[in-house]
$ cat query.txt   # compact mmCIF, C-alpha atoms and all ligand atoms
# COMPACT_ATOMS: atom_id res chain seq x y z
CA MET T 1 4.53 39.94 -4.74
CA ASP T 2 7.81 38.43 -3.58
CA LYS T 3 7.89 34.79 -2.62
CA LYS T 4 8.16 35.42 1.13
CA LYS T 5 5.18 37.75 1.19
CA GLU T 6 3.19 35.29 -0.87
CA ALA T 7 4.00 32.51 1.58
CA ILE T 8 3.09 34.66 4.60
CA GLU T 9 -0.24 35.60 3.04
CA VAL T 10 -1.12 31.96 2.54
CA LEU T 11 -0.01 31.02 6.06
CA LYS T 12 -2.20 33.80 7.49
CA GLU T 13 -5.18 32.77 5.42
CA TYR T 14 -4.94 29.18 6.63
CA GLU T 15 -4.09 30.10 10.25
CA GLN T 16 -0.58 28.68 10.25
CA ASN T 17 0.90 31.51 12.31
CA HIS T 18 3.37 29.20 14.06
CA ILE T 19 5.13 28.82 10.71
CA ILE T 20 5.28 32.60 10.22
CA LYS T 21 6.98 32.85 13.63
CA LEU T 22 9.36 30.06 12.67
CA LEU T 23 10.31 31.80 9.41
CA ASP T 24 11.70 34.76 11.33
CA LYS T 25 14.00 32.52 13.35
CA LEU T 26 15.59 30.78 10.35
CA ASP T 27 18.73 31.73 8.46
CA GLU T 28 18.45 32.83 4.83
CA GLN T 29 19.01 29.42 3.27
CA GLN T 30 16.53 27.69 5.60
CA GLN T 31 13.98 30.45 4.95
CA GLU T 32 14.32 30.03 1.23
CA GLU T 33 13.80 26.29 1.42
CA LEU T 34 10.76 26.58 3.66
CA ILE T 35 9.21 29.28 1.48
CA GLU T 36 9.69 27.18 -1.58
CA GLN T 37 7.96 24.28 0.17
CA ILE T 38 5.07 26.50 1.37
CA ASN T 39 4.46 27.82 -2.12
CA LYS T 40 4.19 24.29 -3.48
CA ILE T 41 1.63 23.06 -0.93
CA ASP T 42 -2.04 23.09 -1.82
CA PHE T 43 -3.35 24.54 1.48
CA HIS T 44 -6.91 24.62 0.28
CA GLN T 45 -6.86 20.89 -0.35
CA ILE T 46 -5.13 20.08 2.96
CA MET T 47 -7.58 22.17 4.99
CA GLU T 48 -10.51 20.61 3.20
CA LEU T 49 -9.18 17.15 3.98
CA TYR T 50 -8.58 18.23 7.58
CA ASN T 51 -12.16 19.48 7.90
CA ASN T 52 -13.40 16.18 6.52
CA THR T 53 -11.76 14.36 9.45
CA LYS T 54 -14.48 15.92 11.62
CA LYS T 55 -17.30 14.48 9.55
CA GLU T 56 -18.85 11.01 9.78
CA ILE T 57 -18.57 8.85 6.71
CA GLU T 58 -21.92 7.73 5.41
CA PHE T 59 -22.86 5.22 2.79
CA LYS T 60 -26.57 6.10 2.88
CA GLU T 61 -26.83 6.98 -0.77
CA SER T 62 -25.01 3.88 -1.87
CA LYS T 63 -26.27 0.49 -2.84
CA ILE T 64 -23.91 -2.04 -1.30
CA GLU T 65 -23.93 -5.70 -2.30
CA PRO T 66 -21.56 -8.60 -1.75
CA LEU T 67 -19.15 -9.35 -4.57
CA LYS T 68 -18.82 -12.70 -6.34
CA TYR T 69 -15.60 -14.66 -6.01
CA LEU T 70 -14.10 -18.03 -6.89
CA ASP T 71 -12.61 -20.16 -4.16
CA LYS T 72 -9.19 -21.48 -5.23
CA ALA T 73 -9.63 -24.57 -3.08
CA LYS T 74 -12.94 -25.40 -4.75
CA LEU T 75 -11.97 -25.03 -8.42
CA SER T 76 -12.49 -28.14 -10.52
CA GLU T 77 -9.34 -29.79 -11.80
CA ASN T 78 -10.12 -28.65 -15.34
CA GLN T 79 -10.78 -25.08 -14.29
CA ARG T 80 -7.56 -24.97 -12.32
CA LYS T 81 -5.54 -26.44 -15.18
CA LYS T 82 -7.04 -23.99 -17.65
CA PHE T 83 -6.27 -20.99 -15.44
CA ASP T 84 -2.75 -22.17 -14.68
CA LYS T 85 -1.99 -22.72 -18.35
CA LEU T 86 -3.21 -19.26 -19.34
CA GLY T 87 -1.28 -17.62 -16.52
CA THR T 88 1.90 -19.58 -17.15
CA GLU T 89 1.96 -18.57 -20.82
CA VAL T 90 1.89 -14.86 -19.98
CA ILE T 91 4.74 -15.15 -17.50
CA LYS T 92 6.83 -17.37 -19.77
CA ASN T 93 6.37 -14.88 -22.60
CA GLY T 94 7.87 -12.10 -20.46
CA GLN T 95 4.59 -10.18 -20.35
CA TYR T 96 4.33 -10.03 -16.56
CA ALA T 97 5.79 -7.46 -14.15
CA VAL T 98 5.65 -7.08 -10.39
CA VAL T 99 5.42 -3.88 -8.35
CA THR T 100 6.15 -3.82 -4.61
CA MET T 101 4.76 -0.96 -2.60
CA ALA T 102 7.42 -0.12 -0.05
CA GLY T 103 6.74 3.55 0.57
CA GLY T 104 4.80 3.14 3.83
CA GLN T 105 5.99 4.52 7.17
CA GLY T 106 5.36 1.32 9.11
CA THR T 107 4.33 3.37 12.14
CA ARG T 108 2.44 0.52 13.84
CA LEU T 109 5.46 -1.75 13.72
CA GLY T 110 7.56 0.95 15.35
CA TYR T 111 10.64 -0.02 13.36
CA SER T 112 12.67 2.95 12.19
CA GLY T 113 13.99 1.69 8.84
CA PRO T 114 12.06 0.89 5.66
CA LYS T 115 9.80 -2.09 6.39
CA GLY T 116 11.47 -4.23 3.73
CA THR T 117 14.69 -4.04 5.74
CA PHE T 118 13.00 -5.50 8.83
CA LYS T 119 14.43 -8.89 9.74
CA LEU T 120 11.87 -11.53 10.62
CA ASP T 121 13.17 -14.05 13.10
CA VAL T 122 12.63 -17.20 11.04
CA TYR T 123 14.66 -20.39 11.02
CA GLY T 124 17.23 -19.16 13.53
CA LYS T 125 19.19 -16.79 11.34
CA GLY T 126 16.26 -14.64 10.24
CA LYS T 127 15.21 -13.21 6.89
CA TYR T 128 14.58 -9.65 5.75
CA LEU T 129 11.13 -8.89 4.33
CA PHE T 130 12.73 -7.90 1.02
CA GLU T 131 14.65 -11.17 1.00
CA ILE T 132 11.42 -13.13 1.49
CA LEU T 133 9.82 -11.36 -1.48
CA ILE T 134 12.90 -11.90 -3.63
CA ASP T 135 12.94 -15.61 -2.80
CA ASP T 136 9.36 -15.85 -4.03
CA LEU T 137 10.23 -14.04 -7.27
CA LYS T 138 13.33 -16.15 -7.81
CA GLU T 139 11.28 -19.31 -7.40
CA ALA T 140 8.81 -18.07 -10.02
CA ASN T 141 11.66 -17.18 -12.38
CA GLN T 142 13.02 -20.67 -12.10
CA LYS T 143 9.63 -22.28 -12.56
CA TYR T 144 8.70 -20.21 -15.61
CA ASN T 145 12.18 -19.90 -17.05
CA THR T 146 12.21 -16.10 -17.13
CA THR T 147 13.26 -13.05 -15.12
CA ILE T 148 10.29 -11.01 -14.00
CA PRO T 149 10.90 -7.24 -14.07
CA TRP T 150 10.49 -5.95 -10.52
CA TYR T 151 9.57 -2.34 -9.65
CA ILE T 152 9.90 -1.16 -6.05
CA MET T 153 8.06 1.95 -4.91
CA THR T 154 9.75 3.83 -2.07
CA SER T 155 8.99 7.14 -0.36
CA ILE T 156 11.15 10.24 -0.49
CA GLU T 157 11.88 9.48 3.17
CA ASN T 158 13.03 5.88 2.78
CA ASN T 159 14.36 5.76 -0.80
CA LYS T 160 18.05 6.12 -0.05
CA GLU T 161 17.99 3.64 2.81
CA THR T 162 16.14 1.13 0.62
CA VAL T 163 18.55 1.48 -2.29
CA ASP T 164 21.60 1.26 0.01
CA PHE T 165 20.19 -1.83 1.70
CA LEU T 166 19.48 -3.67 -1.53
CA GLU T 167 22.87 -2.70 -2.97
CA LYS T 168 24.62 -3.88 0.19
CA HIS T 169 22.87 -7.23 -0.03
CA GLU T 170 23.38 -7.42 -3.80
CA TYR T 171 19.63 -7.65 -4.30
CA PHE T 172 19.75 -11.05 -2.59
CA GLY T 173 20.80 -12.58 -5.87
CA TYR T 174 18.15 -10.95 -8.08
CA ASP T 175 19.45 -9.67 -11.41
CA LYS T 176 19.85 -5.94 -10.75
CA ASN T 177 19.11 -5.14 -14.39
CA TYR T 178 15.55 -6.27 -13.78
CA VAL T 179 15.01 -4.11 -10.68
CA THR T 180 13.74 -0.50 -10.87
CA ILE T 181 13.31 1.59 -7.74
CA PHE T 182 11.09 4.67 -7.92
CA THR T 183 9.66 7.13 -5.39
CA GLN T 184 6.11 8.21 -4.70
CA SER T 185 4.66 11.64 -4.01
CA GLU T 186 3.94 13.23 -0.61
CA MET T 187 1.30 15.17 1.34
CA PRO T 188 1.79 17.36 4.45
CA LEU T 189 0.86 15.99 7.87
CA ILE T 190 -1.49 18.02 10.04
CA ARG T 191 -1.98 18.16 13.81
CA GLU T 192 -5.34 17.57 15.47
CA ASP T 193 -5.66 21.34 15.94
CA GLY T 194 -5.25 21.99 12.22
CA LYS T 195 -1.63 23.16 12.38
CA LEU T 196 0.96 21.71 10.02
CA LEU T 197 3.82 19.90 11.73
CA ILE T 198 7.40 21.15 11.60
CA GLY T 199 10.21 18.62 11.40
CA LYS T 200 13.73 18.67 12.80
CA ASP T 201 14.97 20.12 9.52
CA TYR T 202 12.66 23.15 9.99
CA LYS T 203 10.51 22.12 7.09
CA ILE T 204 6.83 21.23 7.04
CA LYS T 205 6.58 17.51 7.69
CA GLU T 206 5.28 15.57 4.74
CA ALA T 207 4.76 11.86 4.27
CA SER T 208 3.98 9.61 1.36
CA ASP T 209 0.44 10.03 0.14
CA GLY T 210 -0.72 6.45 0.54
CA ASN T 211 -0.43 3.36 -1.59
CA GLY T 212 -3.00 4.77 -4.01
CA GLY T 213 -0.13 6.97 -5.15
CA THR T 214 1.31 3.90 -6.86
CA TYR T 215 -0.53 4.40 -10.14
CA SER T 216 0.35 8.03 -10.78
CA SER T 217 3.89 7.47 -9.49
CA LEU T 218 4.33 4.56 -11.91
CA ARG T 219 3.49 6.96 -14.72
CA ALA T 220 5.43 9.98 -13.41
CA SER T 221 8.55 7.90 -12.79
CA GLY T 222 8.60 6.50 -16.31
CA CYS T 223 8.07 2.93 -15.06
CA LEU T 224 4.80 2.58 -16.95
CA ALA T 225 6.47 3.62 -20.20
CA ASP T 226 9.28 1.19 -19.45
CA MET T 227 6.79 -1.64 -18.93
CA LYS T 228 5.09 -0.85 -22.21
CA GLU T 229 8.41 -0.87 -23.99
CA LYS T 230 9.16 -4.27 -22.53
CA GLY T 231 5.84 -5.61 -23.83
CA ILE T 232 4.33 -6.14 -20.38
CA LYS T 233 0.62 -7.02 -20.50
CA TRP T 234 -0.12 -7.78 -16.83
CA VAL T 235 1.11 -6.02 -13.70
CA PHE T 236 0.91 -7.41 -10.19
CA ILE T 237 0.99 -4.88 -7.34
CA GLY T 238 1.58 -6.13 -3.81
CA GLY T 239 2.65 -4.87 -0.39
CA VAL T 240 6.05 -5.27 1.20
CA ASP T 241 4.89 -6.74 4.48
CA ASN T 242 3.01 -9.98 3.77
CA VAL T 243 5.52 -12.80 4.15
CA LEU T 244 3.22 -15.28 2.40
CA LEU T 245 2.51 -13.07 -0.61
CA LYS T 246 2.61 -14.96 -3.89
CA MET T 247 3.85 -12.51 -6.48
CA ALA T 248 3.33 -14.78 -9.47
CA ASP T 249 0.13 -16.75 -8.91
CA VAL T 250 -0.70 -18.27 -12.29
CA THR T 251 -4.17 -19.32 -11.12
CA LEU T 252 -5.08 -15.72 -10.30
CA LEU T 253 -3.59 -14.50 -13.56
CA GLY T 254 -5.29 -17.20 -15.64
CA MET T 255 -8.61 -16.56 -13.94
CA ALA T 256 -8.37 -12.86 -14.82
CA ILE T 257 -7.63 -13.74 -18.44
CA ALA T 258 -10.43 -16.33 -18.61
CA GLN T 259 -12.94 -13.90 -17.10
CA ASP T 260 -11.78 -11.20 -19.49
CA VAL T 261 -11.42 -8.57 -16.77
CA GLN T 262 -8.95 -5.72 -16.44
CA ILE T 263 -8.40 -6.13 -12.70
CA ALA T 264 -8.23 -9.07 -10.33
CA SER T 265 -7.46 -9.61 -6.69
CA LYS T 266 -6.78 -12.39 -4.24
CA SER T 267 -8.74 -12.36 -1.00
CA VAL T 268 -8.83 -14.39 2.19
CA VAL T 269 -11.83 -14.82 4.47
CA LYS T 270 -12.00 -12.27 7.25
CA ALA T 271 -10.94 -13.92 10.52
CA ASN T 272 -13.75 -12.26 12.50
CA PRO T 273 -16.15 -9.34 11.98
CA GLN T 274 -13.82 -7.01 13.85
CA GLU T 275 -10.64 -7.83 11.96
CA ARG T 276 -8.92 -4.65 10.79
CA VAL T 277 -8.91 -5.34 7.06
CA GLY T 278 -10.83 -3.85 4.16
CA VAL T 279 -13.48 -6.04 2.53
CA PHE T 280 -14.71 -6.31 -1.04
CA CYS T 281 -18.21 -5.30 -2.03
CA LYS T 282 -20.06 -3.89 -4.96
CA MET T 283 -21.07 -0.27 -4.45
CA ASN T 284 -23.50 1.29 -6.89
CA GLY T 285 -22.63 -1.46 -9.33
CA HIS T 286 -18.84 -1.08 -9.14
CA PRO T 287 -16.21 -3.09 -7.29
CA LYS T 288 -15.08 -1.46 -4.08
CA VAL T 289 -13.19 -2.15 -0.87
CA ILE T 290 -14.55 -0.70 2.35
CA GLU T 291 -11.85 -0.07 4.95
CA TYR T 292 -12.34 -1.52 8.43
CA ALA T 293 -12.74 1.89 9.97
CA GLU T 294 -15.41 2.80 7.42
CA LEU T 295 -17.54 -0.39 7.48
CA PRO T 296 -20.60 0.04 9.73
CA THR T 297 -20.55 -2.59 12.54
CA LYS T 298 -23.94 -3.92 11.51
CA MET T 299 -22.74 -4.72 8.01
CA ALA T 300 -19.49 -6.17 9.30
CA GLU T 301 -21.51 -8.71 11.29
CA GLN T 302 -24.07 -9.67 8.62
CA ARG T 303 -23.99 -13.32 7.56
CA ASP T 304 -25.45 -15.14 4.58
CA ARG T 305 -27.54 -18.35 4.58
CA ASN T 306 -24.46 -20.51 4.94
CA GLY T 307 -23.35 -18.60 7.99
CA GLU T 308 -20.49 -16.93 6.15
CA LEU T 309 -19.84 -13.22 6.60
CA LYS T 310 -21.61 -11.34 3.81
CA TYR T 311 -18.75 -8.91 3.60
CA GLY T 312 -15.98 -11.33 4.43
CA GLU T 313 -13.63 -11.26 1.44
CA SER T 314 -10.64 -9.35 2.77
CA HIS T 315 -8.45 -7.24 0.56
CA ILE T 316 -4.87 -8.38 1.18
CA MET T 317 -2.94 -6.07 -1.18
CA CYS T 318 -2.61 -8.75 -3.79
CA ASN T 319 -3.83 -7.09 -6.96
CA LEU T 320 -3.45 -7.67 -10.64
CA TYR T 321 -4.05 -5.32 -13.56
CA THR T 322 -3.76 -5.20 -17.31
CA ILE T 323 -1.26 -2.58 -18.43
CA ASP T 324 -4.19 -0.65 -19.90
CA ALA T 325 -5.90 -0.61 -16.52
CA ILE T 326 -2.78 0.89 -14.91
CA GLU T 327 -2.60 3.49 -17.66
CA LYS T 328 -6.26 4.40 -17.19
CA ILE T 329 -6.05 4.69 -13.40
CA SER T 330 -2.81 6.66 -13.50
CA ASN T 331 -4.72 9.48 -15.16
CA GLU T 332 -7.56 9.55 -12.61
CA ILE T 333 -7.66 11.35 -9.27
CA LEU T 334 -8.26 9.06 -6.30
CA MET T 335 -10.04 10.17 -3.12
CA TYR T 336 -8.07 10.70 0.11
CA HIS T 337 -8.66 8.99 3.47
CA SER T 338 -7.32 10.24 6.77
CA ALA T 339 -5.25 8.14 9.14
CA HIS T 340 -4.80 9.18 12.75
CA LYS T 341 -1.11 8.63 13.52
CA LYS T 342 1.71 9.44 15.93
CA ASN T 343 4.13 11.96 14.47
CA SER T 344 6.86 13.84 16.30
CA TYR T 345 7.38 17.54 15.61
CA ILE T 346 9.26 20.66 16.70
CA ASP T 347 7.21 23.05 18.83
CA GLU T 348 7.37 26.85 18.84
CA ASN T 349 10.27 26.82 21.30
CA GLY T 350 12.30 24.46 19.16
CA ASN T 351 11.68 21.41 21.37
CA GLU T 352 11.00 18.05 19.82
CA ILE T 353 7.64 16.63 20.87
CA ILE T 354 7.39 12.84 20.64
CA PRO T 355 3.74 11.88 21.14
CA GLU T 356 2.65 8.72 22.92
CA GLU T 357 -0.79 8.77 21.34
CA PRO T 358 -1.85 9.59 17.78
CA ASN T 359 -1.67 13.37 17.46
CA SER T 360 -1.99 14.06 13.76
CA TYR T 361 -3.58 13.12 10.48
CA LYS T 362 -1.93 11.67 7.44
CA PHE T 363 -3.84 11.79 4.18
CA GLU T 364 -3.60 8.79 1.99
CA SER T 365 -5.19 7.53 -1.14
CA PHE T 366 -5.73 3.79 -1.20
CA ILE T 367 -4.76 1.40 -3.95
CA PHE T 368 -8.20 -0.19 -3.97
CA ASP T 369 -10.11 3.03 -4.55
CA ALA T 370 -9.21 2.59 -8.19
CA PHE T 371 -11.38 -0.52 -8.48
CA GLU T 372 -14.52 1.56 -8.85
CA PHE T 373 -13.28 2.86 -12.22
CA PHE T 374 -14.11 -0.60 -13.57
CA ASP T 375 -17.33 -2.59 -13.98
CA ASN T 376 -15.89 -5.89 -12.85
CA ILE T 377 -13.13 -7.44 -10.84
CA ALA T 378 -12.18 -11.11 -10.65
CA ILE T 379 -11.71 -12.25 -7.07
CA LEU T 380 -9.90 -15.43 -6.16
CA ARG T 381 -10.32 -16.54 -2.58
CA GLY T 382 -7.02 -17.92 -1.32
CA LYS T 383 -6.23 -19.41 2.05
CA ARG T 384 -5.08 -17.41 5.00
CA GLU T 385 -2.49 -20.03 5.96
CA ASP T 386 -1.07 -20.00 2.41
CA ASP T 387 -1.46 -16.37 1.39
CA PHE T 388 -1.62 -13.94 4.26
CA ALA T 389 0.86 -13.32 7.07
CA PRO T 390 1.26 -9.56 7.41
CA VAL T 391 3.76 -7.76 9.61
CA LYS T 392 1.80 -4.73 10.77
CA ASN T 393 1.87 -4.39 14.56
CA LYS T 394 4.70 -4.57 17.04
CA GLU T 395 2.86 -7.18 19.10
CA GLY T 396 -0.34 -9.22 19.07
CA VAL T 397 -2.23 -9.81 15.82
CA ASP T 398 -0.39 -9.39 12.52
CA SER T 399 2.92 -8.97 14.30
CA PRO T 400 6.40 -10.39 13.61
CA LYS T 401 5.52 -13.22 16.00
CA THR T 402 2.37 -14.31 14.14
CA ALA T 403 4.05 -13.83 10.74
CA LYS T 404 7.01 -15.99 11.81
CA GLU T 405 4.68 -18.77 12.92
CA LEU T 406 2.63 -18.70 9.72
CA TYR T 407 5.73 -18.49 7.53
CA GLU T 408 7.46 -21.43 9.19
CA LYS T 409 4.30 -23.53 9.19
CA PHE T 410 3.75 -22.85 5.48
CA TRP T 411 7.28 -23.83 4.53
CA ASN T 412 7.22 -26.92 6.73
CA ARG T 413 4.05 -28.00 4.91
CA GLN T 414 5.74 -27.44 1.54
CA GLU T 415 8.71 -29.54 2.60
CA ASN T 416 6.47 -32.33 3.85
CA LYS T 417 4.58 -32.29 0.55
CA GLN T 418 7.81 -32.80 -1.36
CA GLU T 419 8.97 -35.74 0.77
P1 LIG T 501 -0.10 0.17 5.26
O1 LIG T 501 -1.27 0.97 4.90
O2 LIG T 501 -0.29 -1.02 6.11
O3 LIG T 501 0.97 1.15 5.91
O4 LIG T 501 0.65 -0.24 3.93
P2 LIG T 501 2.38 0.90 6.55
O5 LIG T 501 3.20 2.08 6.24
O6 LIG T 501 3.00 -0.40 6.14
O7 LIG T 501 2.10 0.81 8.10
P3 LIG T 501 1.45 1.85 9.14
O8 LIG T 501 0.00 1.98 8.75
O9 LIG T 501 2.19 3.15 9.05
O10 LIG T 501 1.66 1.15 10.43
C1 LIG T 501 0.31 -1.30 3.10
C2 LIG T 501 1.34 -1.35 1.98
O11 LIG T 501 1.33 -0.14 1.24
C3 LIG T 501 2.60 0.47 1.24
C4 LIG T 501 3.31 -0.09 2.47
O12 LIG T 501 4.71 0.00 2.32
C5 LIG T 501 2.78 -1.51 2.49
O13 LIG T 501 3.46 -2.33 1.58
N1 LIG T 501 2.46 1.93 1.28
C6 LIG T 501 1.68 2.52 2.20
C7 LIG T 501 3.16 2.68 0.35
O14 LIG T 501 3.90 2.14 -0.49
N2 LIG T 501 3.00 4.03 0.39
C8 LIG T 501 2.23 4.65 1.28
O15 LIG T 501 2.14 5.88 1.24
C9 LIG T 501 1.53 3.88 2.21
$ encode --input "query.txt" --output "structure tokens" --more "lines below"
Ligand code: UTP
Amino acid sequence: MDKKKEAIEVLKEYEQNHIIKLLDKLDEQQQEELIEQINKIDFHQIMELYNNTKKEIEFKESKIEPLKYLDKAKLSENQRKKFDKLGTEVIKNGQYAVVTMAGGQGTRLGYSGPKGTFKLDVYGKGKYLFEILIDDLKEANQKYNTTIPWYIMTSIENNKETVDFLEKHEYFGYDKNYVTIFTQSEMPLIREDGKLLIGKDYKIKEASDGNGGTYSSLRASGCLADMKEKGIKWVFIGGVDNVLLKMADVTLLGMAIAQDVQIASKSVVKANPQERVGVFCKMNGHPKVIEYAELPTKMAEQRDRNGELKYGESHIMCNLYTIDAIEKISNEILMYHSAHKKNSYIDENGNEIIPEEPNSYKFESFIFDAFEFFDNIAILRGKREDDFAPVKNKEGVDSPKTAKELYEKFWNRQENKQE
């Protein structure tokens, strides 16, 4: 069967007739490109994921328990010293690498460029999110007398803009030889009525497949092999949008080494039961993060004897892995979650539709779904005011305004400490 026929058969089977109609309107080159894309898409998987969006998520079969953690503020002096020494050694020996996940769409922020290129209005002249991360890395390099290899994950959509931006700003003074930029894989977007979206380029709209794509993309891009060649033993993976993220926390690293675990994570206490963050728990004996949308209200509100939320350790995208753990996860298949998002598209008459409300689903795998491949995780509870100031929403909570306030307060405290 020729490629066009094959594509049309598939489109018919999965009720994507609007794309068959579109095919007829395209010139030869455009047709070829679209057909090639259609033949690469796993329609069965997409439709299955779409059908799952109609089902309620249940944890009935699962045994859910709170997960143990250590509170950084409550460590004894000896414990803290021991952890810091262990962590420092690894970094000084050049066995530590950092990965920044910068492949997200940043739809809630409503900023059109890659999130790392967003300028936060701090200290009058402002600072880009990438610049803030680089400052943190540069400080660690100075402290531990090394240059930490830095890997940045972008999406197909924002890769060029990210590279151009960092080149233009000369990597804000970071040694370019230690920076590797790689791209992650994609999944098609689907409308609420089960139809795939068409973009302005007359192709099926796809978007990065969630931050869980980090592991397999690290392998596919050759970054994992590169890390191994460099003798890296520990890999930190963090987000691009937390302006208080500590990318080289020796206490976290040392704690992971001391507890002899393969994965570790820093948490902060959930601000309130309704806060839109995932929380740590143990599910059927394995570490797990339950997303805010998936945590039953009753459980979200449960408190322990001390009045603390039972499921209150928030996942803040501050995760640490042995290189073996990354290798192991990169060969596993993670589950997909659906996110209801606003996505513009071209309708059957060629008009661009820009929705005001979420109109489509994006399928994403989450970085933390890999935790369940392990028996244990070491959790270090940090402090919100020291560790967590995300830029997620345009206004209100976790917005540029709140992040600016937290960032400036943190740095004012640091300066006062030094005086
Ligand atoms: P979020 O899940 O908060 O997504 O990403 P986002 O793209 O920043 O924002 P919304 O949901 O569209 O508003 C958390 C981290 O994971 C990265 C993001 O760049 C951010 O650092 N991420 C997310 C990826 O690298 N790839 C993805 O596919 C999704």
$ residues_near_ligand --input "query.txt" --ligand "ligand LIG 501 (chain T)" --cutoff "8 Å" --atoms "only C-alpha atoms and all ligand atoms" --output "ChimeraX atom specification"
/T:100-110,115,153-155,184,186,207-214,238-242,317,341,364-365,392-393
$ closest_residue --input "query.txt" --among "T:Asp369, T:Glu405, T:Glu15, T:Asp375" --to "Asp193 in chain T" --atoms "only C-alpha atoms"
T:Glu15
$ residues_near_point --input "query.txt" --point "(3.4, -17.4, -6.5)" --cutoff "12 Å" --atoms "only C-alpha atoms" --output "PyMOL selection string"
chain T and resi 84+87-88+91+98+133-144+236+238+243-253+266+318+382+386-387
$ atom_distance --input "query.txt" --atom1 "CA of Phe182 in chain T" --atom2 "CA of Val279 in chain T"
28.8 Å
$ closest_residue --input "query.txt" --among "T:Arg191, T:Lys228, T:Lys200, T:Lys119" --to "Gly350 in chain T" --atoms "only C-alpha atoms"
T:Lys200
$ residues_around --input "query.txt" --residues "Gln414 in chain T" --least-positions-apart "6" --cutoff "12 Å" --atoms "all atoms listed in the file" --output "PyMOL selection string"
chain T and resi 385-386+407-408
$ closest_residue --input "query.txt" --among "T:Ile353, T:Leu23, T:Leu320, T:Leu11" --to "Ile377 in chain T" --atoms "only C-alpha atoms"
T:Leu320
$ atom_distance --input "query.txt" --atom1 "CA of Asn306 in chain T" --atom2 "CA of Lys63 in chain T"
22.5 Å
$ residues_around --input "query.txt" --residues "Tyr311 in chain T" --least-positions-apart "4" --cutoff "9 Å" --atoms "all atoms listed in the file" --output "JSON, numbers by chain"
{"T": [65, 66, 67, 270, 273, 279, 280, 281, 299, 300, 301, 302, 303]}
$ write_last_selection --input "query.txt" --atoms "C-alpha atoms" --output "CSV table (one decimal), in the coordinates of the input"
chain,number,residue,atom,x,y,z
T,65,GLU,CA,-23.9,-5.7,-2.3
T,66,PRO,CA,-21.6,-8.6,-1.8
T,67,LEU,CA,-19.2,-9.4,-4.6
T,270,LYS,CA,-12.0,-12.3,7.2
T,273,PRO,CA,-16.2,-9.3,12.0
T,279,VAL,CA,-13.5,-6.0,2.5
T,280,PHE,CA,-14.7,-6.3,-1.0
T,281,CYS,CA,-18.2,-5.3,-2.0
T,299,MET,CA,-22.7,-4.7,8.0
T,300,ALA,CA,-19.5,-6.2,9.3
T,301,GLU,CA,-21.5,-8.7,11.3
T,302,GLN,CA,-24.1,-9.7,8.6
T,303,ARG,CA,-24.0,-13.3,7.6
$ closest_residue --input "query.txt" --among "T:Gly254, T:Thr297, T:Ser217, T:Ala97" --to "Phe83 in chain T" --atoms "all atoms listed in the file"
T:Gly254
$ closest_residue --input "query.txt" --among "T:Tyr69, T:Tyr50, T:Trp234, T:Tyr215" --to "Val90 in chain T" --atoms "all atoms listed in the file"
T:Trp234
$ closest_residue --input "query.txt" --among "T:Asn52, T:Ser267, T:Asn39, T:Asn159" --to "Asp71 in chain T" --atoms "all atoms listed in the file"
T:Ser267
$ residues_around --input "query.txt" --residues "Phe368 in chain T" --least-positions-apart "2" --cutoff "10 Å" --atoms "all atoms listed in the file" --output "PyMOL selection string"
chain T and resi 211-212+265+278+280+287-291+315+317+319+334+365-366+370-372
$ atom_distance --input "query.txt" --atom1 "CA of Glu348 in chain T" --atom2 "CA of Glu6 in chain T"
21.8 Å
$ axis_aligned_box --input "query.txt" --around "range 265-277 of chain T" --padding-each-side "4 Å" --output "AutoDock Vina command-line options"
--center_x -11.5 --center_y -9.7 --center_z 3.6 --size_x 17.4 --size_y 18.2 --size_z 28.5
$ decode --input "query.txt" --residues "range 274-279 of chain T" --atoms "N, CA, C and O atoms" --output "PDB file, in the first residue's frame"
ATOM      1  N   GLN T 274      -4.959  22.351  49.877  1.00  0.00           N
ATOM      2  CA  GLN T 274      -5.390  22.526  48.481  1.00  0.00           C
ATOM      3  C   GLN T 274      -4.254  22.934  47.542  1.00  0.00           C
ATOM      4  O   GLN T 274      -4.459  23.061  46.344  1.00  0.00           O
ATOM      5  N   GLU T 275      -3.070  23.139  48.075  1.00  0.00           N
ATOM      6  CA  GLU T 275      -1.989  23.627  47.212  1.00  0.00           C
ATOM      7  C   GLU T 275      -1.768  22.676  46.033  1.00  0.00           C
ATOM      8  O   GLU T 275      -1.777  21.454  46.189  1.00  0.00           O
ATOM      9  N   ARG T 276      -1.534  23.260  44.859  1.00  0.00           N
ATOM     10  CA  ARG T 276      -1.445  22.445  43.646  1.00  0.00           C
ATOM     11  C   ARG T 276      -0.034  21.908  43.436  1.00  0.00           C
ATOM     12  O   ARG T 276       0.670  22.310  42.514  1.00  0.00           O
ATOM     13  N   VAL T 277       0.374  21.038  44.337  1.00  0.00           N
ATOM     14  CA  VAL T 277       1.675  20.371  44.191  1.00  0.00           C
ATOM     15  C   VAL T 277       1.485  18.875  44.427  1.00  0.00           C
ATOM     16  O   VAL T 277       0.524  18.465  45.086  1.00  0.00           O
ATOM     17  N   GLY T 278       2.378  18.081  43.910  1.00  0.00           N
ATOM     18  CA  GLY T 278       2.333  16.648  44.166  1.00  0.00           C
ATOM     19  C   GLY T 278       2.960  16.368  45.529  1.00  0.00           C
ATOM     20  O   GLY T 278       3.841  17.110  45.971  1.00  0.00           O
ATOM     21  N   VAL T 279       2.485  15.327  46.205  1.00  0.00           N
ATOM     22  CA  VAL T 279       3.068  14.997  47.514  1.00  0.00           C
ATOM     23  C   VAL T 279       3.616  13.568  47.519  1.00  0.00           C
ATOM     24  O   VAL T 279       3.109  12.683  46.831  1.00  0.00           O
TER      25      VAL T 279
END
